[in-house]
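Text of query_39.cif, listed as mmCIF, C-alpha atoms and all ligand atoms:
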data_final
#
loop_
_atom_site.label_atom_id
_atom_site.label_comp_id
_atom_site.auth_asym_id
_atom_site.auth_seq_id
_atom_site.Cartn_x
_atom_site.Cartn_y
_atom_site.Cartn_z
CA MET A 5 103.92 138.78 59.03
CA LEU A 6 104.80 140.97 62.03
CA ARG A 7 102.40 143.91 62.14
CA ILE A 8 104.25 147.01 63.36
CA GLY A 9 103.04 150.37 64.64
CA VAL A 10 105.67 153.10 64.95
CA LEU A 11 105.37 155.98 67.42
CA VAL A 12 107.31 159.12 66.49
CA SER A 13 107.72 162.73 67.60
CA GLY A 14 110.29 164.34 65.35
CA GLY A 15 112.54 163.92 62.36
CA GLY A 16 111.92 160.23 61.91
CA THR A 17 115.36 159.09 60.75
CA ASN A 18 114.93 155.86 62.71
CA LEU A 19 111.53 155.37 61.06
CA GLN A 20 113.26 155.90 57.71
CA ALA A 21 115.90 153.30 58.58
CA ILE A 22 113.13 150.79 59.32
CA ILE A 23 111.25 151.60 56.09
CA ASP A 24 114.48 151.27 54.08
CA ALA A 25 115.39 147.99 55.76
CA ILE A 26 111.96 146.51 54.98
CA ASN A 27 112.24 147.66 51.36
CA SER A 28 115.76 146.27 50.96
CA GLY A 29 114.88 142.92 52.55
CA GLU A 30 117.17 143.45 55.52
CA ILE A 31 114.02 143.11 57.63
CA THR A 32 111.84 140.18 56.57
CA ASN A 33 108.36 139.07 57.70
CA ALA A 34 107.35 142.55 58.84
CA GLU A 35 105.27 145.48 57.68
CA ILE A 36 104.46 148.89 59.12
CA GLU A 37 100.69 149.28 59.52
CA VAL A 38 100.66 152.77 60.97
CA VAL A 39 102.87 155.66 62.10
CA ILE A 40 101.48 157.69 65.00
CA SER A 41 102.87 161.08 65.98
CA ASN A 42 102.12 163.23 69.02
CA ASN A 43 103.51 166.24 67.13
CA LYS A 44 101.72 167.61 64.09
CA ASN A 45 104.95 169.10 62.72
CA ALA A 46 106.95 165.88 62.91
CA TYR A 47 108.77 165.28 59.63
CA ALA A 48 108.32 161.59 60.40
CA LEU A 49 104.68 161.95 59.25
CA GLN A 50 105.93 163.17 55.87
CA ARG A 51 108.29 160.20 55.67
CA ALA A 52 105.34 157.87 56.32
CA GLU A 53 103.31 159.55 53.57
CA ASN A 54 106.24 159.37 51.14
CA ALA A 55 106.44 155.63 51.80
CA GLY A 56 102.69 155.12 51.36
CA ILE A 57 102.21 154.28 55.06
CA LYS A 58 99.24 155.56 57.04
CA GLY A 59 100.21 158.44 59.36
CA VAL A 60 98.02 159.54 62.25
CA LEU A 61 98.29 162.46 64.64
CA VAL A 62 97.27 161.79 68.25
CA SER A 63 98.39 164.82 70.23
CA PRO A 64 98.04 165.48 73.97
CA LYS A 65 97.35 169.10 72.96
CA ASP A 66 94.01 168.04 71.49
CA PHE A 67 92.74 166.70 74.83
CA GLU A 68 91.90 168.58 77.99
CA VAL A 69 93.04 165.83 80.32
CA ARG A 70 95.90 163.40 79.94
CA GLU A 71 93.64 160.39 80.56
CA ASP A 72 91.66 161.18 77.42
CA TYR A 73 94.85 161.39 75.35
CA ASN A 74 96.02 158.07 76.82
CA LYS A 75 92.69 156.45 75.95
CA ALA A 76 92.77 157.83 72.40
CA LEU A 77 96.33 156.60 71.84
CA ILE A 78 95.46 153.09 73.02
CA GLU A 79 92.28 153.07 70.94
CA GLU A 80 94.22 154.13 67.86
CA LEU A 81 96.89 151.45 68.35
CA ASP A 82 94.28 148.78 69.02
CA LYS A 83 92.75 149.36 65.57
CA TYR A 84 95.66 147.71 63.75
CA ASN A 85 96.00 144.37 65.52
CA LEU A 86 99.69 145.04 66.08
CA ASP A 87 102.34 142.52 67.08
CA LEU A 88 104.96 145.16 67.83
CA VAL A 89 104.98 148.85 68.76
CA VAL A 90 108.25 150.60 67.95
CA LEU A 91 109.19 153.84 69.70
CA ALA A 92 111.37 155.58 67.15
CA GLY A 93 112.21 158.91 68.72
CA CYS A 94 108.93 158.98 70.63
CA MET A 95 109.12 161.70 73.27
CA VAL A 96 105.86 161.09 75.13
CA VAL A 97 105.59 159.12 78.35
CA LEU A 98 103.44 156.11 77.52
CA PRO A 99 100.37 155.35 79.62
CA LYS A 100 100.77 152.52 82.12
CA GLU A 101 97.71 150.76 80.65
CA LEU A 102 99.36 150.70 77.24
CA ILE A 103 102.59 149.21 78.58
CA GLU A 104 100.63 146.52 80.45
CA LYS A 105 98.45 145.72 77.45
CA TYR A 106 101.43 145.41 75.10
CA GLU A 107 103.82 143.64 77.50
CA ASN A 108 107.03 142.64 75.69
CA LYS A 109 105.55 144.06 72.49
CA ILE A 110 106.94 147.59 72.74
CA ILE A 111 110.55 148.40 71.90
CA ASN A 112 112.45 151.67 72.18
CA ILE A 113 115.70 153.08 70.83
CA HIS A 114 117.74 155.07 73.32
CA PRO A 115 120.78 157.13 72.21
CA ALA A 116 123.20 155.89 74.91
CA LEU A 117 124.51 152.67 76.40
CA ILE A 118 121.89 151.87 79.05
CA PRO A 119 122.20 151.97 82.09
CA SER A 120 124.37 155.04 81.44
CA PHE A 121 122.76 158.35 80.47
CA CYS A 122 119.19 157.13 80.62
CA GLY A 123 116.06 157.53 82.71
CA LYS A 124 113.86 160.51 83.37
CA GLY A 125 114.95 163.64 81.48
CA PHE A 126 117.45 161.87 79.22
CA TYR A 127 116.27 162.17 75.66
CA GLY A 128 117.46 163.39 72.28
CA LEU A 129 120.29 165.89 72.05
CA HIS A 130 120.36 166.35 75.83
CA VAL A 131 121.81 162.84 76.21
CA HIS A 132 124.79 163.75 74.04
CA GLU A 133 125.30 167.05 75.90
CA LYS A 134 125.56 165.07 79.15
CA VAL A 135 127.95 162.54 77.59
CA LEU A 136 130.25 165.38 76.45
CA GLU A 137 130.00 167.18 79.80
CA ARG A 138 131.17 164.03 81.57
CA GLY A 139 134.10 163.47 79.21
CA VAL A 140 132.91 159.97 78.31
CA LYS A 141 135.01 158.30 75.58
CA ILE A 142 132.60 155.57 74.45
CA THR A 143 128.87 156.01 74.06
CA GLY A 144 126.37 154.32 71.76
CA ALA A 145 122.76 153.24 71.47
CA THR A 146 120.45 150.63 72.96
CA VAL A 147 117.29 148.89 71.77
CA HIS A 148 115.21 147.57 74.66
CA PHE A 149 111.75 146.37 75.53
CA VAL A 150 109.64 148.94 77.33
CA ASP A 151 108.44 148.17 80.84
CA ALA A 152 106.80 150.33 83.48
CA GLY A 153 110.07 152.09 84.35
CA CYS A 154 111.95 154.71 82.35
CA ASP A 155 114.54 152.97 80.10
CA THR A 156 114.59 149.97 82.45
CA GLY A 157 113.16 147.19 80.26
CA PRO A 158 115.08 144.13 78.98
CA ILE A 159 117.94 145.09 76.66
CA ILE A 160 117.79 143.56 73.17
CA THR A 161 121.01 144.91 71.66
CA GLN A 162 123.57 147.70 72.02
CA LYS A 163 126.27 149.20 69.87
CA ALA A 164 129.22 151.31 71.02
CA VAL A 165 130.32 154.52 69.30
CA GLU A 166 133.49 156.50 69.91
CA VAL A 167 133.34 160.06 71.23
CA LEU A 168 135.92 162.14 69.38
CA GLU A 169 137.91 165.22 70.35
CA GLY A 170 136.02 168.36 69.34
CA ASP A 171 132.58 166.68 69.12
CA THR A 172 129.56 168.92 69.55
CA PRO A 173 126.29 167.37 70.77
CA GLU A 174 124.96 167.58 67.20
CA VAL A 175 128.01 165.92 65.65
CA LEU A 176 127.98 163.16 68.25
CA GLN A 177 124.24 162.63 67.85
CA ARG A 178 124.68 162.18 64.10
CA ARG A 179 127.52 159.67 64.60
CA VAL A 180 125.50 157.67 67.14
CA MET A 181 122.58 157.57 64.71
CA GLU A 182 124.68 156.59 61.68
CA GLU A 183 126.92 154.05 63.38
CA ALA A 184 124.48 152.59 65.87
CA GLU A 185 120.79 153.54 65.87
CA TRP A 186 120.01 153.07 62.17
CA LYS A 187 121.66 149.64 62.32
CA ILE A 188 120.54 148.12 65.59
CA MET A 189 116.87 149.09 65.36
CA PRO A 190 116.31 147.29 62.00
CA TRP A 191 118.39 144.35 63.29
CA ALA A 192 116.23 144.05 66.42
CA ILE A 193 112.99 144.24 64.43
CA ASN A 194 114.20 141.57 62.01
CA MET A 195 115.13 139.29 64.90
CA ILE A 196 111.71 139.76 66.51
CA ALA A 197 109.91 139.28 63.19
CA ASN A 198 111.70 135.99 62.72
CA GLY A 199 111.03 134.68 66.21
CA LYS A 200 114.62 134.92 67.41
CA ILE A 201 114.09 137.05 70.49
CA THR A 202 112.51 135.83 73.70
CA VAL A 203 112.29 137.35 77.16
CA GLU A 204 113.03 135.05 80.06
CA ASN A 205 113.16 136.19 83.68
CA GLY A 206 113.35 139.81 82.61
CA LYS A 207 116.28 139.25 80.24
CA VAL A 208 116.42 138.93 76.47
CA LYS A 209 117.57 135.66 74.98
CA THR A 210 118.74 135.83 71.37
CA LEU A 211 118.62 132.72 69.20
CA ASN A 212 120.79 132.09 66.11
CA THR A 213 122.65 135.37 65.92
CA ASP A 214 124.37 134.34 62.69
CA ASN A 215 121.60 135.52 60.36
C1 LIG B 1 116.98 159.40 68.30
O1 LIG B 1 118.32 159.74 68.53
C2 LIG B 1 116.48 158.49 69.40
O2 LIG B 1 117.45 157.61 69.87
C3 LIG B 1 116.10 159.50 70.45
O3 LIG B 1 115.52 160.56 69.73
C4 LIG B 1 116.10 160.62 68.43
C5 LIG B 1 114.99 160.66 67.40
O4 LIG B 1 115.47 160.86 66.11
N1 LIG B 1 115.21 158.93 71.41
C6 LIG B 1 115.25 159.22 72.72
O5 LIG B 1 116.01 160.03 73.18
C7 LIG B 1 114.24 158.47 73.58
N2 LIG B 1 114.61 158.56 74.97
P1 LIG B 1 114.61 160.48 64.81
O6 LIG B 1 113.23 161.13 64.98
O7 LIG B 1 115.36 161.09 63.69
O8 LIG B 1 114.52 158.98 64.72
#
Let me see the structure of the file written as structure tokens.
Amino acid sequence: MLRIGVLVSGGGTNLQAIIDAINSGEITNAEIEVVISNNKNAYALQRAENAGIKGVLVSPKDFEVREDYNKALIEELDKYNLDLVVLAGCMVVLPKELIEKYENKIINIHPALIPSFCGKGFYGLHVHEKVLERGVKITGATVHFVDAGCDTGPIITQKAVEVLEGDTPEVLQRRVMEEAEWKIMPWAINMIANGKITVENGKVKTLNTDN
């Protein structure tokens, strides 16, 4: 059984998609041990509670120096003997020590087709504003492993989504979530839980995609 910890910051719709996929059997061999939020007002914490999953707040605001927050976050994660850490709308920059300790065990969902519209400063609604500003016709979402860079880790899967005439950032964000994010994140977790994803020479190899 793959033991998962989910890091969240906001609404938690990706967390919900994972919970639903575990409950429906779309994801097998996996369970969520803990949901950790950096934001006390994150609705994601309520979603965890509703699903009977432990929710924990570890906020940088509760620590005077960043190092102490980093240490507390790692200590909290270490409690659960996790096989996978899922960043589901997590808006904090993860400590380097955490990324090293959990090498190839942290995955992130990004609301664009990496390497477009990613990197420092590209998160949430802002990504879709930039996509619309540029007049891009196809966008999408990416699930990738997290390495020391910003959105640079090995790509697990991507899904394209059309940008339509008259889209606002909010409308486009919703479409990218519905058509891409809520599908590819559960898919990626299921593949990892069933031993079908490996990383070789910095690239993801996917076995038996027909499941
Ligand atoms: C999602 O669109 C996710 O892709 C994005 O934040 C949103 C969180 O929504 N993540 C990033 O931008 C990370 N760079 P949610 O809380 O409803 O899952």
Exercise: Leu49 of chain A partners within 10 Å, only C-alpha atoms, chain neighbours under 4 positions left out, as a PDB file with C-alpha atoms, in the frame of the given file:
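Produced file out-v3.pdb, reproduced below:
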ATOM      1  CA  VAL A  12     107.310 159.120  66.490  1.00  0.00           C
ATOM      2  CA  SER A  13     107.720 162.730  67.600  1.00  0.00           C
ATOM      3  CA  GLY A  14     110.290 164.340  65.350  1.00  0.00           C
ATOM      4  CA  GLY A  15     112.540 163.920  62.360  1.00  0.00           C
ATOM      5  CA  GLY A  16     111.920 160.230  61.910  1.00  0.00           C
ATOM      6  CA  LEU A  19     111.530 155.370  61.060  1.00  0.00           C
ATOM      7  CA  VAL A  39     102.870 155.660  62.100  1.00  0.00           C
ATOM      8  CA  ILE A  40     101.480 157.690  65.000  1.00  0.00           C
ATOM      9  CA  SER A  41     102.870 161.080  65.980  1.00  0.00           C
ATOM     10  CA  ASN A  43     103.510 166.240  67.130  1.00  0.00           C
ATOM     11  CA  LYS A  44     101.720 167.610  64.090  1.00  0.00           C
ATOM     12  CA  ASN A  45     104.950 169.100  62.720  1.00  0.00           C
ATOM     13  CA  GLU A  53     103.310 159.550  53.570  1.00  0.00           C
ATOM     14  CA  ASN A  54     106.240 159.370  51.140  1.00  0.00           C
ATOM     15  CA  ALA A  55     106.440 155.630  51.800  1.00  0.00           C
ATOM     16  CA  ILE A  57     102.210 154.280  55.060  1.00  0.00           C
ATOM     17  CA  LYS A  58      99.240 155.560  57.040  1.00  0.00           C
ATOM     18  CA  GLY A  59     100.210 158.440  59.360  1.00  0.00           C
ATOM     19  CA  VAL A  60      98.020 159.540  62.250  1.00  0.00           C
ATOM     20  CA  LEU A  61      98.290 162.460  64.640  1.00  0.00           C
TER      21      LEU A  61
END
*Set the cut-off to 7 Å, count all atoms listed in the file, and list whatever residues fall near ligand LIG 1 (chain B) as a list in words.*
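These are the residues that qualify: Val12, Ser13, Gly14, Gly15, Gly16, Thr17, Asn18, Leu19, Ala48, Ala92, Gly93, Cys94, Met95, Ile113, His114, Pro115, Phe126, Tyr127, Gly128, Gln177, Met181 and Glu185 of chain A.
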My list of candidates is A:Arg7, A:Lys163, A:His130, A:Lys124. Which is closest to Lys83 of chain A when distances are computed with only C-alpha atoms?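 Distance minimum relative to Lys83 of chain A lands on A:Arg7.
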Expressed in Å, the length from atom CA of Gly123 of chain A to atom CA of Ile22 of chain A is 24.5 Å
I'd like to know which of A:Leu98, A:Leu6, A:Ile103, A:Ala46 is closest to Ala197 of chain A, using only C-alpha atoms.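 Smallest separation from Ala197 of chain A among the options: A:Leu6.
For the atom pair formed by atom CA of Leu211 of chain A and atom CA of Gly199 of chain A, the distance is 8.4 Å, given to one decimal.
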(message) Applying 12 Å and all atoms listed in the file, which residues near Lys105 of chain A remain after dropping the ones on its own chain fewer than 2 positions away? List them as a PyMOL selection string.
(response) chain A and resi 78-79+81-82+86-89+98-103+107-110+150-152
Take the residues that were just selected and, keeping C-alpha atoms, output them as a short mmCIF file (atom, residue, chain, number, x, y, z; two decimals), keeping the file's coordinate frame.
data_model
loop_
_atom_site.label_atom_id
_atom_site.label_comp_id
_atom_site.auth_asym_id
_atom_site.auth_seq_id
_atom_site.Cartn_x
_atom_site.Cartn_y
_atom_site.Cartn_z
CA ILE A 78 95.46 153.09 73.02
CA GLU A 79 92.28 153.07 70.94
CA LEU A 81 96.89 151.45 68.35
CA ASP A 82 94.28 148.78 69.02
CA LEU A 86 99.69 145.04 66.08
CA ASP A 87 102.34 142.52 67.08
CA LEU A 88 104.96 145.16 67.83
CA VAL A 89 104.98 148.85 68.76
CA LEU A 98 103.44 156.11 77.52
CA PRO A 99 100.37 155.35 79.62
CA LYS A 100 100.77 152.52 82.12
CA GLU A 101 97.71 150.76 80.65
CA LEU A 102 99.36 150.70 77.24
CA ILE A 103 102.59 149.21 78.58
CA GLU A 107 103.82 143.64 77.50
CA ASN A 108 107.03 142.64 75.69
CA LYS A 109 105.55 144.06 72.49
CA ILE A 110 106.94 147.59 72.74
CA VAL A 150 109.64 148.94 77.33
CA ASP A 151 108.44 148.17 80.84
CA ALA A 152 106.80 150.33 83.48
#
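From atom CA of Ala184 of chain A back to atom CA of Ala145 of chain A, the distance works out to 5.9 Å.
Counting all atoms listed in the file, the residue from A:Leu11, A:Ala116, A:Ile160, A:Leu176 that sits nearest to Lys207 of chain A is A:Ile160.
For the residues A:Arg51, A:Lys65, A:Lys75, A:His132, ranking by smallest atom-to-atom distance to Arg178 of chain A using only C-alpha atoms places A:His132 first.
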Shell of 7 Å around Ile159 of chain A, only C-alpha atoms, local chain residues under 3 positions omitted, as a VMD selection string:
chain A and resid 147 to 149 208
Applying 12 Å and all atoms listed in the file, which residues near Gly170 of chain A remain after dropping the ones on its own chain fewer than 6 positions away? List them as a compact mmCIF listing (two decimals) with C-alpha atoms, keeping the file's coordinate frame.
# COMPACT_ATOMS: atom_id res chain seq x y z
CA LEU A 136 130.25 165.38 76.45
CA GLY A 139 134.10 163.47 79.21
CA LYS A 141 135.01 158.30 75.58
CA LEU A 176 127.98 163.16 68.25
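Shortest atom-to-atom contact with Asp171 of chain A among A:Ile118, A:Cys154, A:Val140, A:Met189: A:Val140, counting all atoms listed in the file.
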Shortest contact to Glu183 of chain A, candidates A:Thr210, A:Asn33, A:Thr143, A:Asn205, atoms counted all atoms listed in the file, goes to A:Thr143
Taking 2 positions as the minimum chain separation for residues in the same chain, which residues sit within 9 Å of Ile193 of chain A when counting all atoms listed in the file? Answer as a list of chain:residue names.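 The residues satisfying every condition are A:Ile22, A:Ile31, A:Thr32, A:Ala34, A:Leu88, A:Val90, A:Ile111, A:Ile188, A:Met189, A:Pro190, A:Trp191, A:Met195, A:Ile196, A:Ala197, A:Asn198.
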Quick one: segment 184-200 of chain A with N, CA and C atoms, as a PDB file, in the frame of the given file?
ATOM      1  N   ALA A 184     125.163 153.525  64.960  1.00  0.00           N
ATOM      2  CA  ALA A 184     124.480 152.590  65.870  1.00  0.00           C
ATOM      3  C   ALA A 184     122.967 152.516  65.623  1.00  0.00           C
ATOM      4  N   GLU A 185     122.259 153.603  65.848  1.00  0.00           N
ATOM      5  CA  GLU A 185     120.790 153.540  65.870  1.00  0.00           C
ATOM      6  C   GLU A 185     120.196 152.953  64.587  1.00  0.00           C
ATOM      7  N   TRP A 186     120.626 153.484  63.444  1.00  0.00           N
ATOM      8  CA  TRP A 186     120.010 153.070  62.170  1.00  0.00           C
ATOM      9  C   TRP A 186     120.359 151.625  61.814  1.00  0.00           C
ATOM     10  N   LYS A 187     121.304 151.051  62.555  1.00  0.00           N
ATOM     11  CA  LYS A 187     121.660 149.640  62.320  1.00  0.00           C
ATOM     12  C   LYS A 187     120.965 148.722  63.310  1.00  0.00           C
ATOM     13  N   ILE A 188     121.026 149.079  64.595  1.00  0.00           N
ATOM     14  CA  ILE A 188     120.540 148.120  65.590  1.00  0.00           C
ATOM     15  C   ILE A 188     119.017 148.048  65.657  1.00  0.00           C
ATOM     16  N   MET A 189     118.341 149.154  65.324  1.00  0.00           N
ATOM     17  CA  MET A 189     116.870 149.090  65.360  1.00  0.00           C
ATOM     18  C   MET A 189     116.342 148.131  64.275  1.00  0.00           C
ATOM     19  N   PRO A 190     116.761 148.269  63.009  1.00  0.00           N
ATOM     20  CA  PRO A 190     116.310 147.290  62.000  1.00  0.00           C
ATOM     21  C   PRO A 190     116.726 145.865  62.356  1.00  0.00           C
ATOM     22  N   TRP A 191     117.925 145.692  62.897  1.00  0.00           N
ATOM     23  CA  TRP A 191     118.390 144.350  63.290  1.00  0.00           C
ATOM     24  C   TRP A 191     117.436 143.750  64.319  1.00  0.00           C
ATOM     25  N   ALA A 192     117.102 144.547  65.347  1.00  0.00           N
ATOM     26  CA  ALA A 192     116.230 144.050  66.420  1.00  0.00           C
ATOM     27  C   ALA A 192     114.855 143.682  65.866  1.00  0.00           C
ATOM     28  N   ILE A 193     114.322 144.517  64.992  1.00  0.00           N
ATOM     29  CA  ILE A 193     112.990 144.240  64.430  1.00  0.00           C
ATOM     30  C   ILE A 193     113.033 142.958  63.603  1.00  0.00           C
ATOM     31  N   ASN A 194     114.082 142.796  62.826  1.00  0.00           N
ATOM     32  CA  ASN A 194     114.200 141.570  62.010  1.00  0.00           C
ATOM     33  C   ASN A 194     114.281 140.323  62.899  1.00  0.00           C
ATOM     34  N   MET A 195     115.018 140.427  63.979  1.00  0.00           N
ATOM     35  CA  MET A 195     115.130 139.290  64.900  1.00  0.00           C
ATOM     36  C   MET A 195     113.773 138.957  65.515  1.00  0.00           C
ATOM     37  N   ILE A 196     113.043 139.982  65.918  1.00  0.00           N
ATOM     38  CA  ILE A 196     111.710 139.760  66.510  1.00  0.00           C
ATOM     39  C   ILE A 196     110.766 139.178  65.469  1.00  0.00           C
ATOM     40  N   ALA A 197     110.815 139.736  64.259  1.00  0.00           N
ATOM     41  CA  ALA A 197     109.910 139.280  63.190  1.00  0.00           C
ATOM     42  C   ALA A 197     110.164 137.828  62.819  1.00  0.00           C
ATOM     43  N   ASN A 198     111.357 137.366  63.083  1.00  0.00           N
ATOM     44  CA  ASN A 198     111.700 135.990  62.720  1.00  0.00           C
ATOM     45  C   ASN A 198     111.800 135.071  63.937  1.00  0.00           C
ATOM     46  N   GLY A 199     111.183 135.516  65.017  1.00  0.00           N
ATOM     47  CA  GLY A 199     111.030 134.680  66.210  1.00  0.00           C
ATOM     48  C   GLY A 199     112.332 134.353  66.916  1.00  0.00           C
ATOM     49  N   LYS A 200     113.312 135.236  66.820  1.00  0.00           N
ATOM     50  CA  LYS A 200     114.620 134.920  67.410  1.00  0.00           C
ATOM     51  C   LYS A 200     114.919 135.646  68.714  1.00  0.00           C
TER      52      LYS A 200
END
